[in-house]
Amino acid sequence: MSTGCDETQASENVKVFAPTSVEKEVQLRGSFKRSFEIHEFVSDNIIYYVSDPKQLLIKDSKSINQKGYYKYFETYVIGNISPIGQYGPLGKYQNQITIREICA
C-alpha cells in the first residue's frame, strides 16, 4: 500500500531515530537492494537488513518495471527499526527495518 508521507517529518526522523536498543517507528528515504542473500535498505549511510513480511518492496519494484530476482531502487518507507542486534544471513547486519508502508 502506498501512502503520502510528510517529507519534513521524515528527514527529521532520520536524525532522531538512529538505531538504538529499543524498536522505533520511522519514515526513511533510501535505496533498497536485493540480490543473493542480500536484502538491504540504506538511508543516511546506515545499512539495514530488510524484513518485508507483506512483500511491499517487491510489489513496488514491479510497479517500476524491475523484473526478476535482483532489485535496486530508491524508495521512501515507513517501518520499524529493531534494536541493535544480529540480523540477516549469519547475523551480518546490526540494524533491521521492518517495512510497514511504501510512501508515494
# chains A, B, ... in the order shown; residues from 1 in each chain; ligands from 1
$ residues_around --residues "segment 84-101 of chain A" --least-positions-apart "3" --cutoff "12 Å" --atoms "only C-alpha atoms" --output "tab-separated table (two decimals) with all heavy atoms, in the first residue's frame"
chain	number	residue	atom	x	y	z
A	1	MET	N	0.84	-1.18	0.00
A	1	MET	CA	0.00	0.00	0.00
A	1	MET	C	0.88	1.23	0.00
A	1	MET	O	1.79	1.36	0.79
A	1	MET	CB	-0.88	-0.02	1.24
A	1	MET	CG	-1.56	1.30	1.52
A	1	MET	SD	-2.51	1.28	3.04
A	1	MET	CE	-4.12	1.27	2.33
A	2	SER	N	0.61	2.15	-0.90
A	2	SER	CA	1.35	3.41	-0.96
A	2	SER	C	0.52	4.52	-0.36
A	2	SER	O	-0.67	4.62	-0.60
A	2	SER	CB	1.67	3.76	-2.42
A	2	SER	OG	2.56	2.82	-2.95
A	3	THR	N	1.18	5.33	0.44
A	3	THR	CA	0.50	6.48	1.04
A	3	THR	C	1.41	7.68	0.92
A	3	THR	O	2.59	7.56	0.64
A	3	THR	CB	0.19	6.24	2.53
A	3	THR	OG1	1.42	6.05	3.22
A	3	THR	CG2	-0.71	5.06	2.73
A	4	GLY	N	0.87	8.85	1.17
A	4	GLY	CA	1.68	10.05	1.20
A	4	GLY	C	2.43	10.13	2.51
A	4	GLY	O	1.96	9.67	3.53
A	5	CYS	N	3.62	10.71	2.47
A	5	CYS	CA	4.42	10.86	3.69
A	5	CYS	C	4.88	12.30	3.79
A	5	CYS	O	5.11	12.96	2.79
A	5	CYS	CB	5.63	9.94	3.66
A	5	CYS	SG	5.21	8.21	3.70
A	17	PHE	N	15.84	9.06	14.94
A	17	PHE	CA	15.65	7.63	15.14
A	17	PHE	C	16.80	6.80	14.61
A	17	PHE	O	16.60	5.89	13.82
A	17	PHE	CB	14.33	7.17	14.54
A	17	PHE	CG	13.14	7.74	15.25
A	17	PHE	CD1	12.24	8.53	14.59
A	17	PHE	CD2	12.94	7.50	16.60
A	17	PHE	CE1	11.14	9.06	15.24
A	17	PHE	CE2	11.85	8.03	17.26
A	17	PHE	CZ	10.95	8.81	16.58
A	18	ALA	N	18.02	7.12	14.98
A	18	ALA	CA	19.15	6.26	14.65
A	18	ALA	C	18.97	4.96	15.43
A	18	ALA	O	18.28	4.93	16.45
A	18	ALA	CB	20.45	6.94	15.03
A	19	PRO	N	19.57	3.85	14.97
A	19	PRO	CA	19.40	2.58	15.67
A	19	PRO	C	19.78	2.68	17.15
A	19	PRO	O	20.77	3.30	17.52
A	19	PRO	CB	20.37	1.66	14.93
A	19	PRO	CG	20.48	2.26	13.58
A	19	PRO	CD	20.39	3.74	13.79
A	20	THR	N	18.94	2.08	17.99
A	20	THR	CA	19.14	2.12	19.43
A	20	THR	C	18.85	0.75	20.00
A	20	THR	O	18.71	-0.22	19.28
A	20	THR	CB	18.19	3.14	20.09
A	20	THR	OG1	16.85	2.70	19.88
A	20	THR	CG2	18.37	4.53	19.51
A	21	SER	N	18.67	0.69	21.29
A	21	SER	CA	18.38	-0.58	21.95
A	21	SER	C	16.89	-0.87	22.03
A	21	SER	O	16.48	-1.89	22.56
A	21	SER	CB	19.00	-0.60	23.36
A	21	SER	OG	18.44	0.46	24.11
A	22	VAL	N	16.06	0.04	21.52
A	22	VAL	CA	14.60	-0.18	21.51
A	22	VAL	C	14.06	0.00	20.11
A	22	VAL	O	14.63	0.71	19.30
A	22	VAL	CB	13.87	0.78	22.49
A	22	VAL	CG1	14.27	0.52	23.92
A	22	VAL	CG2	14.12	2.22	22.13
A	23	GLU	N	12.92	-0.65	19.81
A	23	GLU	CA	12.30	-0.53	18.50
A	23	GLU	C	11.64	0.83	18.33
A	23	GLU	O	11.01	1.33	19.26
A	23	GLU	CB	11.27	-1.64	18.31
A	23	GLU	CG	10.72	-1.69	16.91
A	23	GLU	CD	9.93	-2.94	16.65
A	23	GLU	OE1	10.51	-4.04	16.68
A	23	GLU	OE2	8.72	-2.80	16.41
A	24	LYS	N	11.79	1.43	17.15
A	24	LYS	CA	11.21	2.74	16.87
A	24	LYS	C	10.57	2.74	15.49
A	24	LYS	O	11.08	2.13	14.57
A	24	LYS	CB	12.30	3.82	16.86
A	24	LYS	CG	13.13	3.88	18.10
A	24	LYS	CD	12.86	5.11	18.86
A	24	LYS	CE	13.80	5.15	20.06
A	24	LYS	NZ	13.41	6.03	21.05
A	25	GLU	N	9.45	3.46	15.35
A	25	GLU	CA	8.82	3.63	14.04
A	25	GLU	C	9.45	4.84	13.36
A	25	GLU	O	9.67	5.87	14.00
A	25	GLU	CB	7.32	3.85	14.17
A	25	GLU	CG	6.66	3.96	12.81
A	25	GLU	CD	5.16	4.08	12.91
A	25	GLU	OE1	4.51	3.06	13.16
A	25	GLU	OE2	4.67	5.22	12.73
A	26	VAL	N	9.75	4.71	12.05
A	26	VAL	CA	10.41	5.78	11.31
A	26	VAL	C	9.82	5.91	9.91
A	26	VAL	O	9.17	5.01	9.41
A	26	VAL	CB	11.93	5.52	11.17
A	26	VAL	CG1	12.61	5.54	12.52
A	26	VAL	CG2	12.19	4.22	10.45
A	27	GLN	N	10.11	7.05	9.29
A	27	GLN	CA	9.90	7.26	7.86
A	27	GLN	C	11.27	7.54	7.28
A	27	GLN	O	11.96	8.45	7.74
A	27	GLN	CB	9.00	8.47	7.61
A	27	GLN	CG	7.58	8.30	8.05
A	27	GLN	CD	6.75	9.54	7.74
A	27	GLN	OE1	7.12	10.38	6.94
A	27	GLN	NE2	5.62	9.65	8.40
A	28	LEU	N	11.70	6.75	6.30
A	28	LEU	CA	13.03	6.90	5.74
A	28	LEU	C	13.01	6.88	4.22
A	28	LEU	O	12.27	6.11	3.62
A	28	LEU	CB	13.95	5.77	6.21
A	28	LEU	CG	14.25	5.66	7.69
A	28	LEU	CD1	15.07	4.41	7.97
A	28	LEU	CD2	15.00	6.89	8.16
A	30	GLY	N	15.56	6.08	1.05
A	30	GLY	CA	16.84	5.44	0.83
A	30	GLY	C	16.79	4.48	-0.35
A	30	GLY	O	15.88	4.52	-1.17
A	32	PHE	N	16.86	0.51	-1.77
A	32	PHE	CA	16.60	-0.90	-1.48
A	32	PHE	C	17.39	-1.73	-2.47
A	32	PHE	O	17.42	-1.44	-3.67
A	32	PHE	CB	15.11	-1.22	-1.63
A	32	PHE	CG	14.80	-2.69	-1.56
A	32	PHE	CD1	15.04	-3.41	-0.40
A	32	PHE	CD2	14.29	-3.35	-2.66
A	32	PHE	CE1	14.75	-4.77	-0.34
A	32	PHE	CE2	14.00	-4.71	-2.61
A	32	PHE	CZ	14.24	-5.41	-1.44
A	36	PHE	N	21.54	-12.07	-4.08
A	36	PHE	CA	21.75	-13.31	-3.37
A	36	PHE	C	22.13	-13.05	-1.91
A	36	PHE	O	23.15	-12.43	-1.64
A	36	PHE	CB	22.83	-14.14	-4.06
A	36	PHE	CG	23.07	-15.46	-3.40
A	36	PHE	CD1	22.13	-16.46	-3.47
A	36	PHE	CD2	24.23	-15.69	-2.70
A	36	PHE	CE1	22.33	-17.68	-2.85
A	36	PHE	CE2	24.45	-16.90	-2.08
A	36	PHE	CZ	23.50	-17.90	-2.15
A	37	GLU	N	21.30	-13.48	-0.98
A	37	GLU	CA	21.48	-13.31	0.47
A	37	GLU	C	21.62	-11.85	0.90
A	37	GLU	O	22.15	-11.57	1.97
A	37	GLU	CB	22.65	-14.14	0.98
A	37	GLU	CG	22.39	-15.63	0.90
A	37	GLU	CD	23.42	-16.47	1.63
A	37	GLU	OE1	24.40	-15.92	2.16
A	37	GLU	OE2	23.23	-17.69	1.67
A	38	ILE	N	21.16	-10.93	0.08
A	38	ILE	CA	21.20	-9.51	0.45
A	38	ILE	C	19.80	-8.94	0.31
A	38	ILE	O	19.19	-9.02	-0.75
A	38	ILE	CB	22.18	-8.72	-0.44
A	38	ILE	CG1	23.61	-9.20	-0.20
A	38	ILE	CG2	22.05	-7.23	-0.18
A	38	ILE	CD1	24.64	-8.57	-1.10
A	39	HIS	N	19.30	-8.40	1.39
A	39	HIS	CA	18.05	-7.64	1.43
A	39	HIS	C	18.37	-6.43	2.29
A	39	HIS	O	18.26	-6.49	3.50
A	39	HIS	CB	16.91	-8.44	2.07
A	39	HIS	CG	16.43	-9.57	1.26
A	39	HIS	ND1	17.05	-10.79	1.23
A	39	HIS	CD2	15.37	-9.66	0.42
A	39	HIS	CE1	16.39	-11.60	0.42
A	39	HIS	NE2	15.38	-10.94	-0.09
A	40	GLU	N	18.81	-5.34	1.66
A	40	GLU	CA	19.22	-4.22	2.47
A	40	GLU	C	18.59	-2.92	2.03
A	40	GLU	O	18.22	-2.73	0.87
A	40	GLU	CB	20.74	-4.06	2.56
A	40	GLU	CG	21.53	-4.32	1.36
A	40	GLU	CD	23.04	-4.23	1.58
A	40	GLU	OE1	23.60	-4.99	2.38
A	40	GLU	OE2	23.63	-3.39	0.89
A	41	PHE	N	18.46	-2.03	3.00
A	41	PHE	CA	17.95	-0.69	2.79
A	41	PHE	C	19.00	0.25	3.37
A	41	PHE	O	19.41	0.09	4.52
A	41	PHE	CB	16.61	-0.52	3.52
A	41	PHE	CG	15.97	0.82	3.30
A	41	PHE	CD1	15.23	1.06	2.15
A	41	PHE	CD2	16.09	1.83	4.24
A	41	PHE	CE1	14.64	2.29	1.94
A	41	PHE	CE2	15.50	3.06	4.03
A	41	PHE	CZ	14.76	3.29	2.88
A	42	VAL	N	19.46	1.21	2.57
A	42	VAL	CA	20.49	2.15	3.02
A	42	VAL	C	19.88	3.55	3.07
A	42	VAL	O	19.33	4.03	2.08
A	42	VAL	CB	21.71	2.14	2.08
A	42	VAL	CG1	22.76	3.14	2.56
A	42	VAL	CG2	22.29	0.74	1.97
A	43	SER	N	19.97	4.15	4.24
A	43	SER	CA	19.47	5.52	4.44
A	43	SER	C	20.43	6.25	5.36
A	43	SER	O	20.79	5.72	6.43
A	43	SER	CB	18.07	5.49	5.04
A	43	SER	OG	17.59	6.79	5.26
A	45	ASN	N	23.54	6.69	5.26
A	45	ASN	CA	24.75	5.87	5.45
A	45	ASN	C	24.61	4.77	6.50
A	45	ASN	O	25.61	4.24	6.98
A	45	ASN	CB	25.96	6.75	5.78
A	45	ASN	CG	26.34	7.62	4.61
A	45	ASN	OD1	26.30	7.20	3.46
A	45	ASN	ND2	26.67	8.87	4.90
A	46	ILE	N	23.38	4.43	6.87
A	46	ILE	CA	23.13	3.30	7.77
A	46	ILE	C	22.53	2.18	6.94
A	46	ILE	O	21.58	2.40	6.19
A	46	ILE	CB	22.19	3.68	8.92
A	46	ILE	CG1	22.81	4.79	9.77
A	46	ILE	CG2	21.88	2.46	9.79
A	46	ILE	CD1	21.88	5.36	10.82
A	47	ILE	N	23.09	0.98	7.05
A	47	ILE	CA	22.60	-0.18	6.30
A	47	ILE	C	21.71	-1.01	7.21
A	47	ILE	O	22.13	-1.42	8.29
A	47	ILE	CB	23.77	-1.04	5.78
A	47	ILE	CG1	24.68	-0.20	4.88
A	47	ILE	CG2	23.23	-2.25	5.02
A	47	ILE	CD1	25.97	-0.91	4.47
A	48	TYR	N	20.48	-1.26	6.74
A	48	TYR	CA	19.51	-2.05	7.49
A	48	TYR	C	19.24	-3.36	6.76
A	48	TYR	O	19.10	-3.36	5.53
A	48	TYR	CB	18.16	-1.31	7.60
A	48	TYR	CG	18.24	0.03	8.27
A	48	TYR	CD1	18.46	1.19	7.54
A	48	TYR	CD2	18.09	0.13	9.65
A	48	TYR	CE1	18.52	2.42	8.16
A	48	TYR	CE2	18.14	1.36	10.27
A	48	TYR	CZ	18.37	2.51	9.53
A	48	TYR	OH	18.42	3.71	10.15
A	49	TYR	N	19.12	-4.45	7.48
A	49	TYR	CA	18.58	-5.67	6.91
A	49	TYR	C	17.08	-5.45	6.78
A	49	TYR	O	16.45	-4.88	7.66
A	49	TYR	CB	18.85	-6.88	7.81
A	49	TYR	CG	18.28	-8.15	7.26
A	49	TYR	CD1	18.87	-8.76	6.16
A	49	TYR	CD2	17.14	-8.72	7.81
A	49	TYR	CE1	18.34	-9.92	5.62
A	49	TYR	CE2	16.60	-9.88	7.27
A	49	TYR	CZ	17.21	-10.47	6.18
A	49	TYR	OH	16.67	-11.61	5.65
A	50	VAL	N	16.49	-5.88	5.66
A	50	VAL	CA	15.08	-5.63	5.40
A	50	VAL	C	14.23	-6.83	5.75
A	50	VAL	O	14.47	-7.94	5.28
A	50	VAL	CB	14.85	-5.26	3.92
A	50	VAL	CG1	13.37	-5.17	3.60
A	50	VAL	CG2	15.55	-3.96	3.58
A	51	SER	N	13.23	-6.59	6.58
A	51	SER	CA	12.16	-7.54	6.83
A	51	SER	C	10.93	-6.92	6.17
A	51	SER	O	10.54	-5.81	6.50
A	51	SER	CB	11.93	-7.73	8.33
A	51	SER	OG	10.78	-8.49	8.54
A	52	ASP	N	10.37	-7.64	5.21
A	52	ASP	CA	9.24	-7.12	4.44
A	52	ASP	C	8.15	-8.18	4.36
A	52	ASP	O	7.91	-8.78	3.32
A	52	ASP	CB	9.72	-6.72	3.04
A	52	ASP	CG	8.68	-5.98	2.23
A	52	ASP	OD1	7.63	-5.61	2.78
A	52	ASP	OD2	8.93	-5.78	1.02
A	53	PRO	N	7.47	-8.44	5.50
A	53	PRO	CA	6.52	-9.56	5.55
A	53	PRO	C	5.37	-9.46	4.56
A	53	PRO	O	4.85	-10.47	4.12
A	53	PRO	CB	6.00	-9.54	7.00
A	53	PRO	CG	6.42	-8.25	7.58
A	53	PRO	CD	7.55	-7.72	6.76
A	54	LYS	N	4.98	-8.25	4.16
A	54	LYS	CA	3.89	-8.08	3.20
A	54	LYS	C	4.39	-7.98	1.76
A	54	LYS	O	3.61	-7.74	0.85
A	54	LYS	CB	3.07	-6.84	3.54
A	54	LYS	CG	2.38	-6.92	4.88
A	54	LYS	CD	1.62	-5.64	5.15
A	54	LYS	CE	1.05	-5.62	6.55
A	54	LYS	NZ	0.44	-4.31	6.87
A	55	GLN	N	5.71	-8.11	1.55
A	55	GLN	CA	6.33	-8.03	0.22
A	55	GLN	C	6.02	-6.70	-0.49
A	55	GLN	O	5.87	-6.64	-1.70
A	55	GLN	CB	5.88	-9.20	-0.65
A	55	GLN	CG	6.31	-10.56	-0.12
A	55	GLN	CD	7.81	-10.74	-0.22
A	55	GLN	OE1	8.36	-10.71	-1.31
A	55	GLN	NE2	8.47	-10.92	0.91
A	56	LEU	N	5.95	-5.62	0.29
A	56	LEU	CA	5.62	-4.31	-0.27
A	56	LEU	C	6.70	-3.79	-1.21
A	56	LEU	O	6.40	-3.18	-2.24
A	56	LEU	CB	5.36	-3.31	0.85
A	56	LEU	CG	4.19	-3.64	1.76
A	56	LEU	CD1	4.14	-2.66	2.94
A	56	LEU	CD2	2.88	-3.62	1.00
A	57	LEU	N	7.96	-4.02	-0.88
A	57	LEU	CA	9.05	-3.55	-1.74
A	57	LEU	C	9.06	-4.30	-3.07
A	57	LEU	O	9.36	-3.72	-4.11
A	57	LEU	CB	10.40	-3.67	-1.03
A	57	LEU	CG	10.60	-2.67	0.10
A	57	LEU	CD1	11.78	-3.05	0.96
A	57	LEU	CD2	10.77	-1.26	-0.46
A	58	ILE	N	8.74	-5.58	-3.05
A	58	ILE	CA	8.69	-6.36	-4.29
A	58	ILE	C	7.55	-5.86	-5.16
A	58	ILE	O	7.71	-5.68	-6.37
A	58	ILE	CB	8.56	-7.86	-3.98
A	58	ILE	CG1	9.74	-8.34	-3.13
A	58	ILE	CG2	8.44	-8.66	-5.27
A	58	ILE	CD1	11.11	-7.99	-3.66
A	59	LYS	N	6.40	-5.60	-4.56
A	59	LYS	CA	5.26	-5.04	-5.32
A	59	LYS	C	5.64	-3.69	-5.91
A	59	LYS	O	5.31	-3.39	-7.06
A	59	LYS	CB	4.03	-4.91	-4.43
A	59	LYS	CG	3.44	-6.24	-4.03
A	59	LYS	CD	2.30	-6.06	-3.03
A	59	LYS	CE	1.87	-7.41	-2.46
A	59	LYS	NZ	0.95	-7.27	-1.34
A	60	ASP	N	6.35	-2.86	-5.13
A	60	ASP	CA	6.77	-1.55	-5.60
A	60	ASP	C	7.75	-1.69	-6.76
A	60	ASP	O	7.69	-0.93	-7.72
A	60	ASP	CB	7.41	-0.77	-4.44
A	60	ASP	CG	7.48	0.73	-4.70
A	60	ASP	OD1	6.54	1.28	-5.30
A	60	ASP	OD2	8.48	1.35	-4.30
A	75	THR	N	13.53	4.50	-2.71
A	75	THR	CA	12.16	4.44	-2.22
A	75	THR	C	12.04	5.20	-0.91
A	75	THR	O	13.04	5.65	-0.35
A	75	THR	CB	11.69	2.97	-2.07
A	75	THR	OG1	10.29	2.96	-1.81
A	75	THR	CG2	12.44	2.25	-0.98
A	76	TYR	N	10.83	5.32	-0.46
A	76	TYR	CA	10.50	6.08	0.74
A	76	TYR	C	9.56	5.20	1.55
A	76	TYR	O	8.49	4.83	1.05
A	76	TYR	CB	9.85	7.38	0.30
A	76	TYR	CG	9.61	8.42	1.35
A	76	TYR	CD1	10.31	8.47	2.54
A	76	TYR	CD2	8.67	9.41	1.11
A	76	TYR	CE1	10.07	9.46	3.47
A	76	TYR	CE2	8.42	10.41	2.03
A	76	TYR	CZ	9.13	10.44	3.21
A	76	TYR	OH	8.89	11.42	4.12
A	77	VAL	N	9.95	4.80	2.75
A	77	VAL	CA	9.19	3.80	3.51
A	77	VAL	C	8.84	4.27	4.92
A	77	VAL	O	9.47	5.16	5.47
A	77	VAL	CB	9.98	2.47	3.63
A	77	VAL	CG1	10.28	1.89	2.26
A	77	VAL	CG2	11.27	2.65	4.43
A	78	ILE	N	7.82	3.62	5.47
A	78	ILE	CA	7.50	3.72	6.89
A	78	ILE	C	7.74	2.34	7.46
A	78	ILE	O	7.31	1.33	6.87
A	78	ILE	CB	6.02	4.12	7.12
A	78	ILE	CG1	5.74	5.49	6.54
A	78	ILE	CG2	5.69	4.09	8.62
A	78	ILE	CD1	4.29	5.89	6.57
A	79	GLY	N	8.47	2.27	8.55
A	79	GLY	CA	8.76	0.97	9.13
A	79	GLY	C	9.23	1.08	10.56
A	79	GLY	O	9.27	2.17	11.14
A	80	ASN	N	9.58	-0.06	11.10
A	80	ASN	CA	10.09	-0.12	12.47
A	80	ASN	C	11.54	-0.55	12.46
A	80	ASN	O	11.88	-1.57	11.86
A	80	ASN	CB	9.28	-1.12	13.30
A	80	ASN	CG	7.84	-0.67	13.46
A	80	ASN	OD1	7.57	0.51	13.63
A	80	ASN	ND2	6.92	-1.61	13.39
A	81	ILE	N	12.38	0.24	13.13
A	81	ILE	CA	13.78	-0.12	13.29
A	81	ILE	C	13.88	-0.98	14.55
A	81	ILE	O	13.46	-0.56	15.62
A	81	ILE	CB	14.68	1.12	13.42
A	81	ILE	CG1	14.64	1.92	12.13
A	81	ILE	CG2	16.11	0.71	13.77
A	81	ILE	CD1	15.44	3.19	12.19
A	104	ALA	N	4.13	7.28	-1.35
A	104	ALA	CA	4.03	7.68	-2.76
A	104	ALA	C	4.90	8.89	-3.03
A	104	ALA	O	5.21	9.64	-2.18
A	104	ALA	CB	2.59	7.98	-3.11
$ atom_distance --atom1 "atom CA of Tyr69 of chain A" --atom2 "atom CA of Arg34 of chain A"
7.4 Å
$ select_by_dssp --residues "chain A" --states "alpha helix (DSSP H)" --output "MDAnalysis selection string"
chainID A and resid 7:16 56:63
$ select_by_dssp --residues "segment 49-87 of chain A" --states "strand (DSSP E)" --output "VMD selection string"
chain A and resid 49 to 51 71 to 81
$ write_last_selection --atoms "all heavy atoms" --output "tab-separated table (two decimals), in the first residue's frame"
chain	number	residue	atom	x	y	z
A	49	TYR	N	19.12	-4.45	7.48
A	49	TYR	CA	18.58	-5.67	6.91
A	49	TYR	C	17.08	-5.45	6.78
A	49	TYR	O	16.45	-4.88	7.66
A	49	TYR	CB	18.85	-6.88	7.81
A	49	TYR	CG	18.28	-8.15	7.26
A	49	TYR	CD1	18.87	-8.76	6.16
A	49	TYR	CD2	17.14	-8.72	7.81
A	49	TYR	CE1	18.34	-9.92	5.62
A	49	TYR	CE2	16.60	-9.88	7.27
A	49	TYR	CZ	17.21	-10.47	6.18
A	49	TYR	OH	16.67	-11.61	5.65
A	50	VAL	N	16.49	-5.88	5.66
A	50	VAL	CA	15.08	-5.63	5.40
A	50	VAL	C	14.23	-6.83	5.75
A	50	VAL	O	14.47	-7.94	5.28
A	50	VAL	CB	14.85	-5.26	3.92
A	50	VAL	CG1	13.37	-5.17	3.60
A	50	VAL	CG2	15.55	-3.96	3.58
A	51	SER	N	13.23	-6.59	6.58
A	51	SER	CA	12.16	-7.54	6.83
A	51	SER	C	10.93	-6.92	6.17
A	51	SER	O	10.54	-5.81	6.50
A	51	SER	CB	11.93	-7.73	8.33
A	51	SER	OG	10.78	-8.49	8.54
A	71	LYS	N	17.10	-6.61	-7.44
A	71	LYS	CA	16.41	-5.32	-7.38
A	71	LYS	C	17.35	-4.26	-6.84
A	71	LYS	O	18.19	-4.53	-5.99
A	71	LYS	CB	15.20	-5.38	-6.42
A	71	LYS	CG	14.28	-6.55	-6.60
A	71	LYS	CD	13.39	-6.39	-7.78
A	71	LYS	CE	12.42	-7.55	-7.86
A	71	LYS	NZ	11.75	-7.64	-9.12
A	72	TYR	N	17.17	-3.04	-7.33
A	72	TYR	CA	17.87	-1.88	-6.76
A	72	TYR	C	17.09	-0.64	-7.18
A	72	TYR	O	16.92	-0.37	-8.36
A	72	TYR	CB	19.31	-1.76	-7.24
A	72	TYR	CG	20.02	-0.59	-6.60
A	72	TYR	CD1	20.54	-0.70	-5.32
A	72	TYR	CD2	20.12	0.62	-7.26
A	72	TYR	CE1	21.16	0.37	-4.70
A	72	TYR	CE2	20.74	1.71	-6.65
A	72	TYR	CZ	21.26	1.57	-5.38
A	72	TYR	OH	21.86	2.64	-4.77
A	73	PHE	N	16.57	0.10	-6.20
A	73	PHE	CA	15.85	1.33	-6.50
A	73	PHE	C	15.72	2.20	-5.25
A	73	PHE	O	15.86	1.73	-4.14
A	73	PHE	CB	14.46	1.04	-7.09
A	73	PHE	CG	13.57	0.21	-6.21
A	73	PHE	CD1	12.68	0.80	-5.33
A	73	PHE	CD2	13.60	-1.18	-6.29
A	73	PHE	CE1	11.84	0.03	-4.53
A	73	PHE	CE2	12.77	-1.96	-5.50
A	73	PHE	CZ	11.90	-1.36	-4.63
A	74	GLU	N	15.48	3.50	-5.51
A	74	GLU	CA	15.24	4.46	-4.44
A	74	GLU	C	13.79	4.36	-4.01
A	74	GLU	O	12.91	4.19	-4.86
A	74	GLU	CB	15.52	5.88	-4.93
A	74	GLU	CG	16.95	6.13	-5.35
A	74	GLU	CD	17.92	6.18	-4.19
A	74	GLU	OE1	17.56	6.77	-3.14
A	74	GLU	OE2	19.01	5.63	-4.32
A	75	THR	N	13.53	4.50	-2.71
A	75	THR	CA	12.16	4.44	-2.22
A	75	THR	C	12.04	5.20	-0.91
A	75	THR	O	13.04	5.65	-0.35
A	75	THR	CB	11.69	2.97	-2.07
A	75	THR	OG1	10.29	2.96	-1.81
A	75	THR	CG2	12.44	2.25	-0.98
A	76	TYR	N	10.83	5.32	-0.46
A	76	TYR	CA	10.50	6.08	0.74
A	76	TYR	C	9.56	5.20	1.55
A	76	TYR	O	8.49	4.83	1.05
A	76	TYR	CB	9.85	7.38	0.30
A	76	TYR	CG	9.61	8.42	1.35
A	76	TYR	CD1	10.31	8.47	2.54
A	76	TYR	CD2	8.67	9.41	1.11
A	76	TYR	CE1	10.07	9.46	3.47
A	76	TYR	CE2	8.42	10.41	2.03
A	76	TYR	CZ	9.13	10.44	3.21
A	76	TYR	OH	8.89	11.42	4.12
A	77	VAL	N	9.95	4.80	2.75
A	77	VAL	CA	9.19	3.80	3.51
A	77	VAL	C	8.84	4.27	4.92
A	77	VAL	O	9.47	5.16	5.47
A	77	VAL	CB	9.98	2.47	3.63
A	77	VAL	CG1	10.28	1.89	2.26
A	77	VAL	CG2	11.27	2.65	4.43
A	78	ILE	N	7.82	3.62	5.47
A	78	ILE	CA	7.50	3.72	6.89
A	78	ILE	C	7.74	2.34	7.46
A	78	ILE	O	7.31	1.33	6.87
A	78	ILE	CB	6.02	4.12	7.12
A	78	ILE	CG1	5.74	5.49	6.54
A	78	ILE	CG2	5.69	4.09	8.62
A	78	ILE	CD1	4.29	5.89	6.57
A	79	GLY	N	8.47	2.27	8.55
A	79	GLY	CA	8.76	0.97	9.13
A	79	GLY	C	9.23	1.08	10.56
A	79	GLY	O	9.27	2.17	11.14
A	80	ASN	N	9.58	-0.06	11.10
A	80	ASN	CA	10.09	-0.12	12.47
A	80	ASN	C	11.54	-0.55	12.46
A	80	ASN	O	11.88	-1.57	11.86
A	80	ASN	CB	9.28	-1.12	13.30
A	80	ASN	CG	7.84	-0.67	13.46
A	80	ASN	OD1	7.57	0.51	13.63
A	80	ASN	ND2	6.92	-1.61	13.39
A	81	ILE	N	12.38	0.24	13.13
A	81	ILE	CA	13.78	-0.12	13.29
A	81	ILE	C	13.88	-0.98	14.55
A	81	ILE	O	13.46	-0.56	15.62
A	81	ILE	CB	14.68	1.12	13.42
A	81	ILE	CG1	14.64	1.92	12.13
A	81	ILE	CG2	16.11	0.71	13.77
A	81	ILE	CD1	15.44	3.19	12.19
